[in-house]
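Trainee: Below is final03.txt; it holds compact mmCIF, C-alpha atoms.
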# COMPACT_ATOMS: atom_id res chain seq x y z
CA MET K 1 0.00 0.00 0.00
CA HIS K 2 2.95 2.29 0.73
CA ASP K 3 4.22 1.85 -2.81
CA ILE K 4 1.61 4.16 -4.27
CA VAL K 5 3.46 7.42 -4.52
CA ASN K 6 1.33 9.60 -6.68
CA VAL K 7 -2.31 8.61 -6.39
CA ALA K 8 -3.57 11.96 -7.71
CA SER K 9 -2.16 11.20 -11.18
CA GLN K 10 -4.10 7.91 -11.23
CA LEU K 11 -7.49 9.49 -10.50
CA ILE K 12 -9.92 9.12 -13.37
CA HIS K 13 -11.54 11.92 -15.30
CA LEU K 14 -15.22 12.23 -14.42
CA ASP K 15 -17.79 12.90 -17.11
CA VAL K 16 -21.59 12.96 -17.02
CA MET K 17 -21.83 9.25 -17.96
CA ASN K 18 -19.47 8.15 -15.17
CA ILE K 19 -21.26 10.31 -12.63
CA THR K 20 -24.72 9.01 -13.61
CA TYR K 21 -23.52 5.40 -13.56
CA LEU K 22 -21.98 5.72 -10.08
CA PHE K 23 -25.00 7.64 -8.76
CA LEU K 24 -27.44 4.97 -10.00
CA VAL K 25 -25.45 1.98 -8.74
CA GLY K 26 -25.08 3.89 -5.47
CA PHE K 27 -28.86 4.32 -5.28
CA VAL K 28 -29.62 0.63 -5.80
CA GLY K 29 -26.83 -0.40 -3.40
CA GLY K 30 -28.17 2.04 -0.81
CA LEU K 31 -31.69 0.70 -1.18
CA VAL K 32 -30.54 -2.85 -0.48
CA SER K 33 -28.23 -1.76 2.38
CA GLY K 34 -31.03 0.17 4.06
CA PHE K 35 -33.08 -3.01 4.05
CA ILE K 36 -30.66 -5.84 4.84
CA GLY K 37 -27.84 -3.84 6.48
CA SER K 38 -25.26 -4.34 3.75
CA GLY K 39 -24.83 -5.13 0.10
CA GLY K 40 -24.10 -3.11 -2.97
CA ALA K 41 -20.42 -2.92 -2.22
CA PHE K 42 -19.68 -6.09 -4.18
CA VAL K 43 -20.95 -4.41 -7.33
CA LEU K 44 -19.43 -0.98 -6.66
CA THR K 45 -15.78 -2.04 -6.38
CA PRO K 46 -15.68 -3.95 -9.69
CA GLY K 47 -17.97 -1.27 -11.15
CA MET K 48 -15.42 1.47 -10.36
CA MET K 49 -12.58 -0.69 -11.64
CA SER K 50 -14.42 -1.08 -14.93
CA LEU K 51 -14.22 2.73 -15.25
CA GLY K 52 -10.45 2.52 -14.94
CA VAL K 53 -10.08 3.18 -11.21
CA PRO K 54 -7.09 1.27 -9.72
CA GLY K 55 -8.19 -1.65 -7.48
CA LEU K 56 -7.02 -0.24 -4.16
CA VAL K 57 -8.48 3.21 -4.86
CA ALA K 58 -11.81 1.53 -5.72
CA VAL K 59 -11.79 -0.44 -2.45
CA ALA K 60 -10.83 2.65 -0.43
CA SER K 61 -13.38 4.95 -2.08
CA ASN K 62 -16.08 2.32 -1.68
CA MET K 63 -15.34 2.10 2.03
CA CYS K 64 -15.38 5.88 2.34
CA HIS K 65 -18.93 5.99 0.96
CA LYS K 66 -20.02 3.06 3.10
CA PHE K 67 -19.48 4.55 6.54
CA PRO K 68 -21.43 7.81 6.04
CA LYS K 69 -24.18 5.76 4.36
CA ALA K 70 -24.28 3.32 7.28
CA LEU K 71 -24.40 6.28 9.68
CA VAL K 72 -27.44 7.81 7.97
CA GLY K 73 -29.12 4.39 7.68
CA SER K 74 -28.57 3.44 11.30
CA ILE K 75 -29.91 6.80 12.54
CA LYS K 76 -33.00 6.30 10.39
CA ARG K 77 -33.60 2.76 11.60
CA ALA K 78 -32.91 3.74 15.22
CA LYS K 79 -36.00 5.95 14.89
CA TYR K 80 -38.02 2.77 14.28
CA GLY K 81 -36.50 1.15 17.40
CA GLN K 82 -34.58 -1.41 15.35
CA VAL K 83 -30.98 -0.65 16.33
CA ASP K 84 -28.99 -2.18 19.18
CA VAL K 85 -26.17 0.36 19.40
CA LYS K 86 -24.29 -1.54 22.12
CA LEU K 87 -24.24 -4.78 20.14
CA GLY K 88 -23.24 -2.85 17.01
CA ILE K 89 -20.29 -1.17 18.72
CA VAL K 90 -19.11 -4.36 20.49
CA LEU K 91 -19.23 -6.33 17.24
CA GLY K 92 -17.86 -3.37 15.26
CA ILE K 93 -14.68 -3.13 17.33
CA SER K 94 -13.82 -6.81 16.87
CA ALA K 95 -14.81 -6.46 13.21
CA GLU K 96 -12.21 -3.69 12.87
CA ALA K 97 -9.55 -6.16 14.05
CA GLY K 98 -10.92 -8.66 11.52
CA VAL K 99 -10.59 -6.09 8.73
CA LEU K 100 -6.94 -5.46 9.56
CA TYR K 101 -6.18 -9.19 9.72
CA GLY K 102 -8.17 -9.86 6.53
CA ALA K 103 -6.24 -7.13 4.68
CA HIS K 104 -2.96 -8.59 5.95
CA ILE K 105 -3.89 -12.06 4.64
CA GLN K 106 -4.86 -10.52 1.30
CA GLU K 107 -1.49 -8.78 1.02
CA SER K 108 0.39 -11.98 1.90
CA ILE K 109 -1.52 -13.98 -0.72
CA LYS K 110 -0.94 -11.29 -3.31
CA LYS K 111 2.81 -11.31 -2.56
CA ALA K 112 3.04 -15.09 -2.77
CA PHE K 113 0.69 -15.84 -5.68
CA GLY K 114 0.20 -12.49 -7.47
CA ASP K 115 -3.08 -10.89 -8.57
CA ALA K 116 -4.61 -14.12 -9.89
CA GLY K 117 -3.93 -15.90 -6.59
CA SER K 118 -5.51 -13.09 -4.64
CA ASN K 119 -8.54 -13.03 -6.95
CA LEU K 120 -8.91 -16.80 -6.68
CA TYR K 121 -8.85 -16.54 -2.88
CA VAL K 122 -11.54 -13.83 -2.94
CA SER K 123 -13.74 -15.79 -5.36
CA LEU K 124 -13.40 -19.03 -3.39
CA ALA K 125 -14.25 -17.18 -0.16
CA PHE K 126 -17.31 -15.76 -1.94
CA VAL K 127 -18.41 -19.17 -3.26
CA VAL K 128 -17.91 -21.16 -0.06
CA ILE K 129 -19.43 -18.61 2.32
CA LEU K 130 -22.32 -17.65 0.07
CA ALA K 131 -23.14 -21.30 -0.62
CA VAL K 132 -23.18 -22.31 3.03
CA VAL K 133 -24.60 -19.19 4.70
CA GLY K 134 -26.69 -17.92 1.76
CA GLY K 135 -28.20 -21.34 1.14
CA PHE K 136 -29.12 -21.67 4.81
CA VAL K 137 -30.67 -18.17 5.03
CA LEU K 138 -32.68 -18.64 1.83
CA LYS K 139 -33.89 -22.09 2.93
CA ASP K 140 -35.01 -20.67 6.28
CA ALA K 141 -36.90 -17.80 4.60
CA MET K 142 -38.60 -20.20 2.17
CA LYS K 143 -39.57 -22.49 5.05
CA THR K 144 -41.23 -19.62 6.92
CA ARG K 145 -43.07 -18.57 3.78
CA LYS K 146 -44.31 -22.09 3.02
CA ALA K 147 -45.31 -22.83 6.59
CA GLY K 148 -47.38 -19.65 6.64
CA THR K 149 -45.77 -18.61 9.93
CA ALA K 150 -44.55 -15.26 8.67
CA ASP K 151 -46.81 -13.37 11.04
CA GLU K 152 -45.64 -15.23 14.12
CA GLU K 153 -42.77 -14.02 16.25
CA GLU K 154 -39.41 -15.32 15.03
CA LYS K 155 -38.16 -18.37 16.91
CA VAL K 156 -34.75 -18.23 18.57
CA THR K 157 -32.58 -21.07 17.28
CA ARG K 158 -31.37 -23.85 19.56
CA LEU K 159 -27.79 -22.65 19.08
CA ALA K 160 -28.73 -19.11 20.15
CA LYS K 161 -30.58 -20.45 23.19
CA TRP K 162 -27.44 -22.31 24.21
CA VAL K 163 -25.23 -19.21 23.61
CA GLN K 164 -27.61 -17.17 25.79
CA SER K 165 -27.52 -19.81 28.52
CA VAL K 166 -23.74 -19.95 28.88
CA ASN K 167 -22.49 -17.88 31.81
CA ILE K 168 -18.83 -16.93 31.78
CA PRO K 169 -18.09 -14.61 34.72
CA TYR K 170 -16.82 -11.06 34.02
CA THR K 171 -17.62 -11.33 30.30
CA MET K 172 -21.42 -11.09 30.42
CA VAL K 173 -23.10 -8.10 28.76
CA TYR K 174 -26.82 -7.37 28.40
CA PHE K 175 -28.01 -6.63 24.85
CA LYS K 176 -31.49 -5.26 24.29
CA SER K 177 -31.93 -6.87 20.87
CA LEU K 178 -31.44 -10.31 22.45
CA ASN K 179 -33.16 -9.38 25.70
CA ALA K 180 -30.48 -11.51 27.31
CA ARG K 181 -27.00 -11.36 28.75
CA ILE K 182 -24.38 -13.09 26.66
CA SER K 183 -20.63 -13.47 26.94
CA VAL K 184 -18.54 -11.17 24.75
CA LEU K 185 -16.37 -14.22 24.15
CA PHE K 186 -19.08 -15.23 21.66
CA THR K 187 -19.37 -11.83 20.02
CA ILE K 188 -15.61 -11.35 19.47
CA PRO K 189 -15.12 -14.21 16.95
CA LEU K 190 -18.36 -13.28 15.15
CA GLY K 191 -17.28 -9.64 14.80
CA PHE K 192 -13.82 -10.75 13.72
CA ALA K 193 -15.28 -13.00 11.02
CA THR K 194 -17.54 -10.16 9.84
CA GLY K 195 -14.50 -7.88 9.50
CA MET K 196 -12.43 -10.51 7.74
CA LEU K 197 -15.20 -11.04 5.23
CA ALA K 198 -15.58 -7.28 4.75
CA ALA K 199 -11.85 -7.03 3.97
CA THR K 200 -12.10 -9.97 1.56
CA ILE K 201 -15.37 -9.57 -0.34
CA ALA K 202 -16.42 -6.06 0.81
CA VAL K 203 -19.70 -7.25 2.37
CA GLY K 204 -19.22 -8.22 6.02
CA GLY K 205 -22.97 -8.28 6.54
CA PHE K 206 -23.24 -11.64 4.78
CA ILE K 207 -21.70 -13.12 7.95
CA GLY K 208 -22.67 -10.44 10.49
CA VAL K 209 -26.44 -10.48 9.96
CA PRO K 210 -26.95 -14.28 9.87
CA ALA K 211 -24.60 -14.59 12.89
CA MET K 212 -26.69 -12.13 14.91
CA ILE K 213 -29.90 -13.95 13.94
CA TYR K 214 -28.90 -17.61 14.20
CA VAL K 215 -26.01 -17.59 16.69
CA LEU K 216 -26.95 -14.78 19.05
CA GLY K 217 -30.74 -14.88 18.67
CA ALA K 218 -31.50 -11.33 17.46
CA PRO K 219 -34.70 -10.65 15.46
CA SER K 220 -34.02 -10.22 11.70
CA LEU K 221 -35.04 -6.56 11.63
CA MET K 222 -32.77 -5.69 14.54
CA ALA K 223 -29.88 -7.73 13.15
CA SER K 224 -29.99 -5.99 9.77
CA ALA K 225 -30.29 -2.55 11.42
CA THR K 226 -27.45 -3.26 13.86
CA GLU K 227 -25.25 -4.35 10.95
CA LEU K 228 -25.32 -0.71 9.84
CA VAL K 229 -23.66 0.29 13.14
CA ILE K 230 -20.99 -2.38 12.60
CA ALA K 231 -20.45 -1.12 9.04
CA PHE K 232 -20.06 2.44 10.36
CA VAL K 233 -17.51 1.49 13.06
CA MET K 234 -15.57 -0.67 10.60
CA GLY K 235 -15.83 1.86 7.80
CA VAL K 236 -14.52 4.91 9.69
CA GLY K 237 -11.39 3.08 10.83
CA GLY K 238 -10.81 1.44 7.46
CA SER K 239 -11.37 4.64 5.48
CA PHE K 240 -8.99 6.60 7.70
CA LYS K 241 -6.32 3.94 7.23
CA TYR K 242 -6.74 4.09 3.45
CA ALA K 243 -6.89 7.92 3.48
CA MET K 244 -3.60 8.05 5.37
CA HIS K 245 -2.08 6.36 2.34
CA GLY K 246 -3.85 8.84 0.06
CA LEU K 247 -5.97 6.15 -1.58
CA VAL K 248 -9.46 7.64 -1.17
CA ASP K 249 -10.89 9.36 -4.25
CA ILE K 250 -13.41 11.50 -2.40
CA ARG K 251 -15.17 12.53 -5.63
CA LEU K 252 -16.11 8.92 -6.39
CA ALA K 253 -17.08 8.24 -2.78
CA MET K 254 -19.33 11.30 -2.57
CA ILE K 255 -21.03 10.70 -5.93
CA ILE K 256 -21.88 7.13 -4.90
CA LEU K 257 -22.99 8.47 -1.53
CA GLY K 258 -25.21 10.97 -3.36
CA GLY K 259 -27.25 8.13 -4.87
CA SER K 260 -26.98 5.73 -1.95
CA LEU K 261 -28.44 8.16 0.60
CA PHE K 262 -31.62 8.39 -1.48
CA GLY K 263 -31.67 4.59 -1.55
CA ILE K 264 -30.87 3.94 2.09
CA GLN K 265 -33.70 6.16 3.30
CA LEU K 266 -36.12 4.23 1.11
CA GLY K 267 -34.75 0.83 2.12
CA ALA K 268 -34.91 1.73 5.82
CA MET K 269 -38.54 2.83 5.44
CA GLY K 270 -39.22 -0.41 3.55
CA THR K 271 -38.38 -2.47 6.66
CA THR K 272 -41.39 -1.01 8.49
CA TYR K 273 -43.79 -2.43 5.88
CA VAL K 274 -42.56 -6.02 5.63
CA LYS K 275 -42.66 -9.19 7.67
CA PRO K 276 -39.27 -10.05 9.22
CA PHE K 277 -38.66 -13.11 7.03
CA MET K 278 -38.40 -10.78 4.02
CA ILE K 279 -35.02 -9.58 5.33
CA LYS K 280 -33.76 -13.17 5.14
CA MET K 281 -35.41 -13.64 1.75
CA VAL K 282 -33.70 -10.61 0.14
CA MET K 283 -30.37 -11.49 1.71
CA GLY K 284 -30.60 -15.16 0.70
CA VAL K 285 -31.60 -14.37 -2.89
CA ILE K 286 -28.73 -11.89 -3.34
CA MET K 287 -26.19 -14.23 -1.77
CA VAL K 288 -27.16 -17.20 -3.89
CA ILE K 289 -27.16 -15.24 -7.16
CA VAL K 290 -23.78 -13.63 -6.37
CA LEU K 291 -22.44 -17.11 -5.66
CA PHE K 292 -22.95 -18.05 -9.32
CA SER K 293 -21.37 -14.80 -10.46
CA ARG K 294 -18.16 -15.47 -8.54
CA GLY K 295 -18.21 -19.19 -9.31
CA LEU K 296 -17.94 -18.35 -13.02
CA MET K 297 -14.68 -16.51 -12.40
CA VAL K 298 -12.95 -19.42 -10.62
CA PRO K 299 -11.83 -21.16 -13.88
CA VAL K 300 -10.41 -17.84 -15.15
CA TYR K 301 -8.13 -17.45 -12.11
CA LEU K 302 -7.26 -21.16 -12.07
CA SER K 303 -6.10 -20.88 -15.67
CA GLN K 304 -4.12 -17.71 -14.93
CA LEU K 305 -2.32 -19.61 -12.16
CA GLY K 306 -1.61 -22.47 -14.56
CA LEU K 307 -3.62 -24.95 -12.48
CA ILE K 308 -5.84 -25.84 -15.44
CA GLY K 309 -5.39 -25.48 -19.19
CA THR K 310 -5.24 -21.95 -20.61
CA LEU K 311 -8.62 -20.51 -21.52
CA GLY K 312 -9.15 -18.69 -24.80
CA GLU K 313 -9.34 -14.88 -24.77
CA THR K 314 -12.98 -14.94 -25.88
CA THR K 315 -13.93 -17.46 -23.19
CA VAL K 316 -12.35 -15.25 -20.50
CA LYS K 317 -14.14 -12.19 -21.84
CA VAL K 318 -17.50 -13.98 -21.94
CA LEU K 319 -17.04 -15.34 -18.41
CA LYS K 320 -16.06 -11.89 -17.07
CA THR K 321 -18.99 -10.10 -18.70
CA THR K 322 -21.48 -12.78 -17.60
CA SER K 323 -20.12 -12.73 -14.06
CA PHE K 324 -20.47 -8.94 -13.80
CA SER K 325 -23.95 -9.01 -15.34
CA ILE K 326 -25.09 -11.66 -12.84
CA MET K 327 -23.79 -9.46 -10.02
CA ILE K 328 -25.80 -6.50 -11.25
CA PHE K 329 -28.79 -8.84 -11.64
CA ALA K 330 -28.36 -9.96 -7.99
CA LEU K 331 -28.44 -6.38 -6.75
CA ALA K 332 -31.36 -5.47 -9.02
CA SER K 333 -33.32 -8.54 -7.83
CA GLY K 334 -32.80 -7.50 -4.21
CA ALA K 335 -33.91 -3.95 -4.99
CA PHE K 336 -36.96 -5.25 -6.85
CA ILE K 337 -38.08 -7.44 -3.92
CA VAL K 338 -37.62 -4.52 -1.50
CA LEU K 339 -39.60 -2.07 -3.65
CA ARG K 340 -42.34 -4.62 -4.35
CA ALA K 341 -42.73 -5.53 -0.68
CA MET K 342 -42.85 -1.85 0.22
CA TRP K 343 -45.41 -1.13 -2.49
CA ILE K 344 -47.68 -3.99 -1.34
CA GLY K 345 -47.30 -3.00 2.31
CA ARG K 346 -48.22 0.62 1.60
CA ARG K 347 -51.23 -0.42 -0.49
CA GLU K 348 -52.52 -2.75 2.23
CA GLU K 349 -52.09 -0.06 4.85
CA ARG K 350 -53.95 2.51 2.75
CA LEU K 351 -56.71 0.01 2.04
CA ALA K 352 -57.10 -0.77 5.74
CA ALA K 353 -57.21 2.95 6.56
CA THR K 354 -59.95 3.53 3.94
CA GLN K 355 -62.00 0.62 5.30
CA VAL K 356 -61.77 1.99 8.85
CA LEU K 357 -62.83 5.41 7.57
CA GLU K 358 -65.81 3.93 5.67
CA ARG K 359 -66.90 1.89 8.69
CA GLY K 360 -66.67 5.05 10.79
CA LYS K 361 -68.91 6.90 8.35
CA ALA K 362 -71.42 4.04 8.26
CA MET Y 1 -36.70 22.64 4.79
CA ALA Y 2 -36.19 20.08 2.04
CA ILE Y 3 -35.55 22.89 -0.46
CA ILE Y 4 -32.95 24.63 1.72
CA LEU Y 5 -31.15 21.33 2.40
CA GLY Y 6 -31.38 20.46 -1.29
CA ILE Y 7 -29.72 23.72 -2.28
CA LEU Y 8 -27.03 23.23 0.36
CA SER Y 9 -26.42 19.67 -0.80
CA LEU Y 10 -26.26 20.71 -4.44
CA GLY Y 11 -23.83 23.49 -3.46
CA LEU Y 12 -21.54 20.93 -1.80
CA TYR Y 13 -21.54 18.75 -4.92
CA VAL Y 14 -20.94 21.67 -7.29
CA GLY Y 15 -18.10 22.84 -5.06
CA LEU Y 16 -16.53 19.37 -4.96
CA LEU Y 17 -16.70 18.86 -8.72
CA ARG Y 18 -15.58 22.40 -9.58
CA GLN Y 19 -12.55 22.20 -7.33
CA GLN Y 20 -11.40 18.80 -8.56
CA GLU Y 21 -7.81 19.87 -9.07
CA PHE Y 22 -7.50 21.14 -5.50
CA VAL Y 23 -9.32 18.10 -4.12
CA ASN Y 24 -7.26 15.61 -6.12
CA THR Y 25 -4.03 17.21 -4.95
CA TYR Y 26 -4.66 17.70 -1.25
CA PHE Y 27 -7.12 14.94 -0.37
CA THR Y 28 -4.76 12.20 -1.57
CA LYS Y 29 -1.64 13.51 0.15
CA GLY Y 30 -1.96 10.94 2.92
CA GLY Y 31 -0.76 11.30 6.52
CA MET Y 32 -2.73 13.87 8.48
CA TYR Y 33 -4.39 15.05 5.25
CA ALA Y 34 -6.54 11.94 5.77
CA PHE Y 35 -8.79 14.12 7.90
CA LEU Y 36 -9.87 16.01 4.76
CA PRO Y 37 -11.77 13.15 3.04
CA ILE Y 38 -13.12 11.81 6.35
CA ALA Y 39 -14.44 15.23 7.42
CA THR Y 40 -15.91 15.75 3.93
CA ALA Y 41 -17.74 12.42 4.20
CA PHE Y 42 -19.26 13.44 7.54
CA ILE Y 43 -20.36 16.86 6.22
CA PHE Y 44 -21.95 15.35 3.09
CA SER Y 45 -23.69 12.64 5.11
CA PHE Y 46 -25.18 15.25 7.44
CA VAL Y 47 -26.42 17.66 4.78
CA HIS Y 48 -27.32 15.20 2.02
CA GLY Y 49 -28.66 12.62 4.52
CA ASN Y 50 -31.10 15.15 5.95
CA PHE Y 51 -32.04 16.30 2.47
CA THR Y 52 -32.79 12.79 1.17
CA GLY Y 53 -34.92 12.03 4.26
CA ASN Y 54 -36.95 15.19 3.69
CA PHE Y 55 -37.08 14.52 -0.04
CA TRP Y 56 -39.03 11.25 0.37
CA THR Y 57 -41.31 12.82 2.98
CA LEU Y 58 -42.05 15.61 0.51
CA LEU Y 59 -43.01 12.97 -2.09
CA GLY Y 60 -45.32 11.35 0.45
CA VAL Y 61 -43.19 8.26 0.99
CA GLU Y 62 -43.03 7.57 4.71
CA ALA Y 63 -42.49 4.69 7.12
CA SER Y 64 -45.42 2.52 8.11
CA LYS Y 65 -47.46 4.04 10.92
CA LYS Y 66 -48.49 0.59 12.05
CA LYS Y 67 -45.17 -0.82 13.15
CA LYS Y 68 -43.18 1.87 14.89
CA GLU Y 69 -41.12 -0.40 17.09
CA VAL Y 70 -39.72 -3.87 16.67
CA LYS Y 71 -39.44 -6.07 19.73
Would you encode the structure as structure tokens?
Mentor:
Amino acid sequence: MHDIVNVASQLIHLDVMNITYLFLVGFVGGLVSGFIGSGGAFVLTPGMMSLGVPGLVAVASNMCHKFPKALVGSIKRAKYGQVDVKLGIVLGISAEAGVLYGAHIQESIKKAFGDAGSNLYVSLAFVVILAVVGGFVLKDAMKTRKAGTADEEEKVTRLAKWVQSVNIPYTMVYFKSLNARISVLFTIPLGFATGMLAATIAVGGFIGVPAMIYVLGAPSLMASATELVIAFVMGVGGSFKYAMHGLVDIRLAMIILGGSLFGIQLGAMGTTYVKPFMIKMVMGVIMVIVLFSRGLMVPVYLSQLGLIGTLGETTVKVLKTTSFSIMIFALASGAFIVLRAMWIGRREERLAATQVLERGKA
Amino acid sequence: MAIILGILSLGLYVGLLRQQEFVNTYFTKGGMYAFLPIATAFIFSFVHGNFTGNFWTLLGVEASKKKKEVK
């Protein structure tokens, strides 16, 4: 990171097309983040790189738009009583350590195996984690939908019940989202894993939110809202570290933020209209679609490392384009589900209000 | 309120894009200059965040009145 001497000369020229593109992707990313607590970042980093932004500058600028976005989103959702600030800060601090360790691992892999090795590591992390966690989250959401228990209170998992029952003296902290005291010895590894994932695939929430729901026993709405606090804590530290090396292109970060703040307000409002399982549904759908996107890139990196036969130039190009398109499709699908759920919720509420009014008149 | 915040927010963006040369030079100097982008992010999030909240309210898009608190 220290090798970059003159970052200013590498900053891209911004024209109307670039600005509109970043603003729009920012909006959709913000919409999804406001709803599930994270997301969007996995499209923004490659999206910026496709405009010619160097990889590290794209990662740094992405992070610098993420923390102010998370701040605005968490304040909004705190108004709806969905945020557990204490849990967010406790997890956020250990996540910060995870980010630093994750970045260190990335650098070591890059040194040992070059860019292709580092990309392969990122893609494999994506595929394995999204397959296991994403598959589980989506299955759970589908089960709730099929069973018709969406209106009932969410059940705390057996694992979470056990975590809440363990008493380790001097480490117990009360968290309002769990309505229980749990040992921070459980939160530290979860936060650390969230941070490591954030440093690797830019979306820590894919571990953080399911961990809060299934391991700690937080309701989905509170878990996704609290993830925004974690993202803020992680993002401020990470952005400052990158800015100290002069890697943040504040123009890019603020343009994306411009769109994403419109989106995050809408996404946060959306959570007040939906049943809690919808959070899991949106998250699961995005995770599973992104899994295919990254899976497509694995053969490209394997061939670059010489582990399989060399792929033709056209094949690589087709795989890259398809992979990026699937990623955009994942984000757009998430945004569509959020907007649709919000639309239906608003319509039902208006209908109910009209009926009450008519009955009153009668 | 939304209009005032909107003008302020627009002003910040116009300023940022008009002063690109200055921004590109100083904001990427590293070291203690790191405070420049971080402070900028906080200022934009405050002004633009408040504007976007008011913007949706102005359009009639608001949170559900039914479920104010999640337990």
Trainee: Could you check which of Y:Ser64, Y:Ser9, Y:Gln20, Y:Thr25 is closest to Ile43 (chain Y), using all atoms listed in the file?
Mentor: Y:Ser9
Trainee: Residues of chain K were defined as contacting chain Y if any atom lay at most 6 Å from it, counting all atoms listed in the file; please report them as a list in words.
Mentor: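 Interface list for chain K against chain Y: Ala8, Pro68, Tyr80, Gly81, Gln82, Ala243, Met244, His245, Gly246, Ile250, Leu261, Phe262, Met269, Thr272 and Tyr273 of chain K.
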Trainee: Could you tell me how far CA of His104 (chain K) lies from CA of Met196 (chain K), in Å and to one decimal?
Mentor: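 Taking CA of His104 (chain K) as the start and CA of Met196 (chain K) as the end point, the length is 9.8 Å.
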Trainee: To one decimal place, how far is CA of Gly191 (chain K) from CA of Lys66 (chain K) in Å?
Mentor: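 Rounded to one decimal, the two atoms are 17.5 Å apart.
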Trainee: Extract, using all atoms listed in the file, all DNA, RNA and protein residues at most 6 Å from region 211-217 of chain K, discarding same-chain residues fewer than 4 positions from it, and format them as a PDB file with C-alpha atoms, in the frame of the given file.
Mentor:
ATOM      1  CA  VAL K 156     -34.750 -18.230  18.570  1.00  0.00           C
ATOM      2  CA  THR K 157     -32.580 -21.070  17.280  1.00  0.00           C
ATOM      3  CA  LEU K 159     -27.790 -22.650  19.080  1.00  0.00           C
ATOM      4  CA  ALA K 160     -28.730 -19.110  20.150  1.00  0.00           C
ATOM      5  CA  LEU K 178     -31.440 -10.310  22.450  1.00  0.00           C
ATOM      6  CA  ILE K 207     -21.700 -13.120   7.950  1.00  0.00           C
ATOM      7  CA  ALA K 223     -29.880  -7.730  13.150  1.00  0.00           C
TER       8      ALA K 223
END
Trainee: For CA of Ala335 (chain K) and CA of Gly73 (chain K), quote the distance in Å rounded to one decimal.
Mentor: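 So the answer is 15.9 Å.
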Trainee: With 6 Å on each side, where is the centre of the axis-aligned box around all listed atoms of region 104-117 of chain K, and how long are its edges in Å to one decimal, as AutoDock Vina command-line options?
Mentor:
--center_x -0.9 --center_y -12.2 --center_z -2.0 --size_x 19.9 --size_y 19.3 --size_z 27.8
Trainee: Can you tell me, as a ChimeraX atom specification, what residues are no more than 12 Å from Val209 (chain K) when counting only C-alpha atoms, ignoring any on the same chain fewer than 6 positions away?
Mentor: /K:33,35-39,87-88,91,133-134,137,190-191,193-194,203,215-231,279-280,283-284
Trainee: Rank K:Ala60, K:Asp115, K:Gln304, K:Ile75 by their smallest atom-to-atom distance to Ala268 (chain K), using all atoms listed in the file, and report the top residue only.
Mentor: K:Ile75
